[in-house]
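Q: Structure provided below as structure tokens; questions to follow.
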Amino acid sequence: MSRRVGRRFFERPALEVAPDLLNKVLVAPGVAGRIVETEAYQGADDPGSHAYRGVTPRTEVMFGPPGHLYVYFTYGMHWCANVVTDRAGTPGAVLIRAVVPIRGIEAMRLRRSRARRDVDLANGPAKVAQAFAIDGTHDGIDLTGAHLGVSIRDDGTAPPAIPAVGVRIGLSKGQDLPWRFAVPDCAEVSRPHPTTGHDAR
DNA sequence: ACCGGGATGTTCT
DNA sequence: GAACATCCCGGTG
């Protein structure tokens, strides 16, 4: 009924993969959810990307083969999960910014105990990581091989024909690039969407 | 609803 | 030592 997304899907520029990832299903042990918001970080010349400064111990995964997970730690307390895109040697990643729970919502409520409403369970990149229990131990794992039970699946739901598009969130550099994508009029989005004017909260 | 600030520690200069 | 691809809480209107 659903099939795992393969390596070829990810072996493209992040700007192509990011909108195509909308409506795909993120799966981890006991939980699953539909991806509704993504951001592209593309190439060595993207000033907003961690890869902008070149290869470091942290960004090594971004320069590696596509279809792997890039997980980073930020603000001293949050993990965020990306899918590595493009061919090895060319840095690319798509940040998973929001997910709508499909399975394991009780587990997500326990992990996200501060969320007072279900809409807040995974409507932000660090919330997604917490709801899915993704952390540094998952950095670099191969999604196409479902390592540690984490994968991305296609259940037959096509990406939106015309995704909502906006600038990326939280950057001090590269903030003008319209490289954020979302399912139009979706309530579980991390921020209001410029092109639709729709607010998640 | 909107806004301001604190938490907390890794990463790279 | 500064920056950080965030989140949460408490203030005010």
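Labels used: A, B, ... for chains in the order of the structure tokens, numbers from 1 for residues in each chain, and numbers from 1 for ligands as shown.
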Do you have, as CSV, the list of residues of chain A lying at most 12 Å from chain C, each with its nearest atom pair and that distance in Å to one decimal, counting only C-alpha atoms (C1' of nucleotides) and ordered by chain then number?
A:
```
residue,atom,partner,partner_atom,distance
A:Thr38,CA,C:DA5,C1',11.0
A:Glu39,CA,C:DA5,C1',8.7
A:Ala40,CA,C:DA5,C1',10.0
A:Tyr41,CA,C:DA5,C1',9.0
A:Pro47,CA,C:DA5,C1',11.5
A:Gly48,CA,C:DA5,C1',7.8
A:Ser49,CA,C:DA5,C1',7.7
A:His50,CA,C:DA5,C1',8.3
A:Ala51,CA,C:DA5,C1',11.6
A:Val71,CA,C:DA5,C1',11.2
A:Tyr72,CA,C:DA5,C1',9.4
A:Phe73,CA,C:DC4,C1',9.5
A:Thr74,CA,C:DC4,C1',6.2
A:Tyr75,CA,C:DC4,C1',5.9
A:Gly76,CA,C:DC4,C1',8.8
A:Met77,CA,C:DT6,C1',8.5
A:His78,CA,C:DT6,C1',6.7
A:Trp79,CA,C:DT6,C1',9.1
A:Cys80,CA,C:DA5,C1',8.2
A:Ala81,CA,C:DA5,C1',10.0
A:Asn82,CA,C:DA5,C1',9.9
A:Ala93,CA,C:DA5,C1',10.8
A:Val94,CA,C:DA5,C1',10.2
A:Leu95,CA,C:DA5,C1',7.7
A:Ile96,CA,C:DA5,C1',10.2
A:Arg97,CA,C:DA5,C1',9.5
A:Arg112,CA,C:DC7,C1',11.6
A:Arg114,CA,C:DC8,C1',8.6
A:Ala115,CA,C:DC8,C1',9.8
A:Arg116,CA,C:DC8,C1',11.6
A:Asp120,CA,C:DC7,C1',11.1
A:Ala122,CA,C:DC7,C1',11.9
A:Asn123,CA,C:DC7,C1',11.1
A:Gly124,CA,C:DT6,C1',8.3
A:Pro125,CA,C:DT6,C1',8.0
A:Ala126,CA,C:DT6,C1',6.6
A:Lys127,CA,C:DC7,C1',8.5
A:Val128,CA,C:DT6,C1',11.6
A:Ala129,CA,C:DT6,C1',11.7
A:Gln130,CA,C:DC7,C1',11.6
A:Val167,CA,C:DA5,C1',11.9
A:Arg168,CA,C:DA5,C1',8.2
A:Ile169,CA,C:DA5,C1',7.0
A:Gly170,CA,C:DA5,C1',6.3
A:Leu171,CA,C:DA5,C1',6.5
A:Ser172,CA,C:DC4,C1',9.6
A:Lys173,CA,C:DA5,C1',10.5
A:Gly174,CA,C:DA5,C1',10.9
A:Gln175,CA,C:DA5,C1',10.6
A:Trp179,CA,C:DA5,C1',11.9
A:Arg180,CA,C:DA5,C1',11.2
A:Ser190,CA,C:DT6,C1',11.0
```
Q: Output as a ChimeraX atom specification all residues of segment 11-55 of chain A that backbone DSSP marks as strand (DSSP E).
A: /A:25-28,31-42
Q: Show me, as a list in words, the residues that have an atom within 10 Å of Pro159 of chain A when counting only C-alpha atoms (C1' of nucleotides), minus same-chain residues fewer than 5 positions from it.
A: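 Everything that qualifies: Pro19, Asp20, Leu21, Leu22, Asn23, Lys24, Ile35, Val36, Ala182 and Val183 of chain A.
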Q: If you run DSSP on the backbone here, which positions in chain A get helix (DSSP H, G or I)? Please write them as a ChimeraX atom specification.
A: /A:7-10,14-20,50-53,59-63,105-111,118-120,125-131,136-138,143-145,147-149
Q: Store the residues of this selection in a file with C-alpha atoms, as a PDB file, in the first residue's frame.
A:
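Now in selection07.pdb:
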```pdb
ATOM      1  CA  ARG A   7      17.797   6.740  -3.802  1.00  0.00           C
ATOM      2  CA  ARG A   8      17.012   8.105  -7.262  1.00  0.00           C
ATOM      3  CA  PHE A   9      14.332  10.349  -5.809  1.00  0.00           C
ATOM      4  CA  PHE A  10      16.896  12.086  -3.624  1.00  0.00           C
ATOM      5  CA  ALA A  14      17.370  20.088  -3.153  1.00  0.00           C
ATOM      6  CA  LEU A  15      15.185  22.657  -4.885  1.00  0.00           C
ATOM      7  CA  GLU A  16      13.525  19.846  -6.841  1.00  0.00           C
ATOM      8  CA  VAL A  17      13.300  17.387  -3.992  1.00  0.00           C
ATOM      9  CA  ALA A  18      11.830  19.818  -1.443  1.00  0.00           C
ATOM     10  CA  PRO A  19       8.412  20.321  -3.130  1.00  0.00           C
ATOM     11  CA  ASP A  20       8.293  16.659  -4.188  1.00  0.00           C
ATOM     12  CA  HIS A  50      25.479  24.897   6.857  1.00  0.00           C
ATOM     13  CA  ALA A  51      27.484  23.682   3.863  1.00  0.00           C
ATOM     14  CA  TYR A  52      28.365  27.246   2.855  1.00  0.00           C
ATOM     15  CA  ARG A  53      31.597  27.152   4.858  1.00  0.00           C
ATOM     16  CA  THR A  59      28.420  19.122   7.507  1.00  0.00           C
ATOM     17  CA  GLU A  60      30.245  16.082   6.197  1.00  0.00           C
ATOM     18  CA  VAL A  61      26.957  14.210   5.765  1.00  0.00           C
ATOM     19  CA  MET A  62      25.573  16.952   3.524  1.00  0.00           C
ATOM     20  CA  PHE A  63      28.397  16.313   1.077  1.00  0.00           C
ATOM     21  CA  ILE A 105      -0.142  10.009  17.984  1.00  0.00           C
ATOM     22  CA  GLU A 106      -0.190   8.843  21.611  1.00  0.00           C
ATOM     23  CA  ALA A 107       3.574   8.356  21.568  1.00  0.00           C
ATOM     24  CA  MET A 108       3.930  11.811  20.066  1.00  0.00           C
ATOM     25  CA  ARG A 109       1.787  13.337  22.816  1.00  0.00           C
ATOM     26  CA  LEU A 110       4.011  11.754  25.452  1.00  0.00           C
ATOM     27  CA  ARG A 111       7.205  12.973  23.800  1.00  0.00           C
ATOM     28  CA  ASP A 118      -2.428  18.183  18.671  1.00  0.00           C
ATOM     29  CA  VAL A 119      -1.784  20.758  15.980  1.00  0.00           C
ATOM     30  CA  ASP A 120       1.402  21.671  17.857  1.00  0.00           C
ATOM     31  CA  PRO A 125      11.492  21.227  12.672  1.00  0.00           C
ATOM     32  CA  ALA A 126      12.567  20.591  16.265  1.00  0.00           C
ATOM     33  CA  LYS A 127       9.053  19.438  17.124  1.00  0.00           C
ATOM     34  CA  VAL A 128       9.200  16.888  14.317  1.00  0.00           C
ATOM     35  CA  ALA A 129      12.479  15.523  15.634  1.00  0.00           C
ATOM     36  CA  GLN A 130      11.119  15.281  19.164  1.00  0.00           C
ATOM     37  CA  ALA A 131       7.817  13.687  18.131  1.00  0.00           C
ATOM     38  CA  GLY A 136      22.193  12.749  16.902  1.00  0.00           C
ATOM     39  CA  THR A 137      22.314   8.966  16.847  1.00  0.00           C
ATOM     40  CA  HIS A 138      20.421   9.169  13.541  1.00  0.00           C
ATOM     41  CA  LEU A 143      16.853   6.283   4.771  1.00  0.00           C
ATOM     42  CA  THR A 144      16.621   4.141   1.648  1.00  0.00           C
ATOM     43  CA  GLY A 145      17.719   1.184   3.736  1.00  0.00           C
ATOM     44  CA  HIS A 147      18.207   2.061   9.150  1.00  0.00           C
ATOM     45  CA  LEU A 148      16.997   2.334  12.744  1.00  0.00           C
ATOM     46  CA  GLY A 149      13.484   1.965  11.384  1.00  0.00           C
TER      47      GLY A 149
END
```
Q: Just give me the gap between atom CA of Gly89 of chain A and atom CA of Phe181 of chain A in Å, one decimal is fine.
A: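 Result for atom CA of Gly89 of chain A versus atom CA of Phe181 of chain A: 24.8 Å, one decimal.
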Q: Would you mind reading off the distance between atom CA of Ala146 of chain A and atom CA of Ile102 of chain A, one decimal, in Å?
A: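 Going from atom CA of Ala146 of chain A over to atom CA of Ile102 of chain A, I get 18.4 Å.
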Q: Using only C-alpha atoms (C1' of nucleotides), find the residues of chain B whose closest atom to chain A is at most 12 Å away, then write them as a PyMOL selection string.
A: chain B and resi 1+6-13
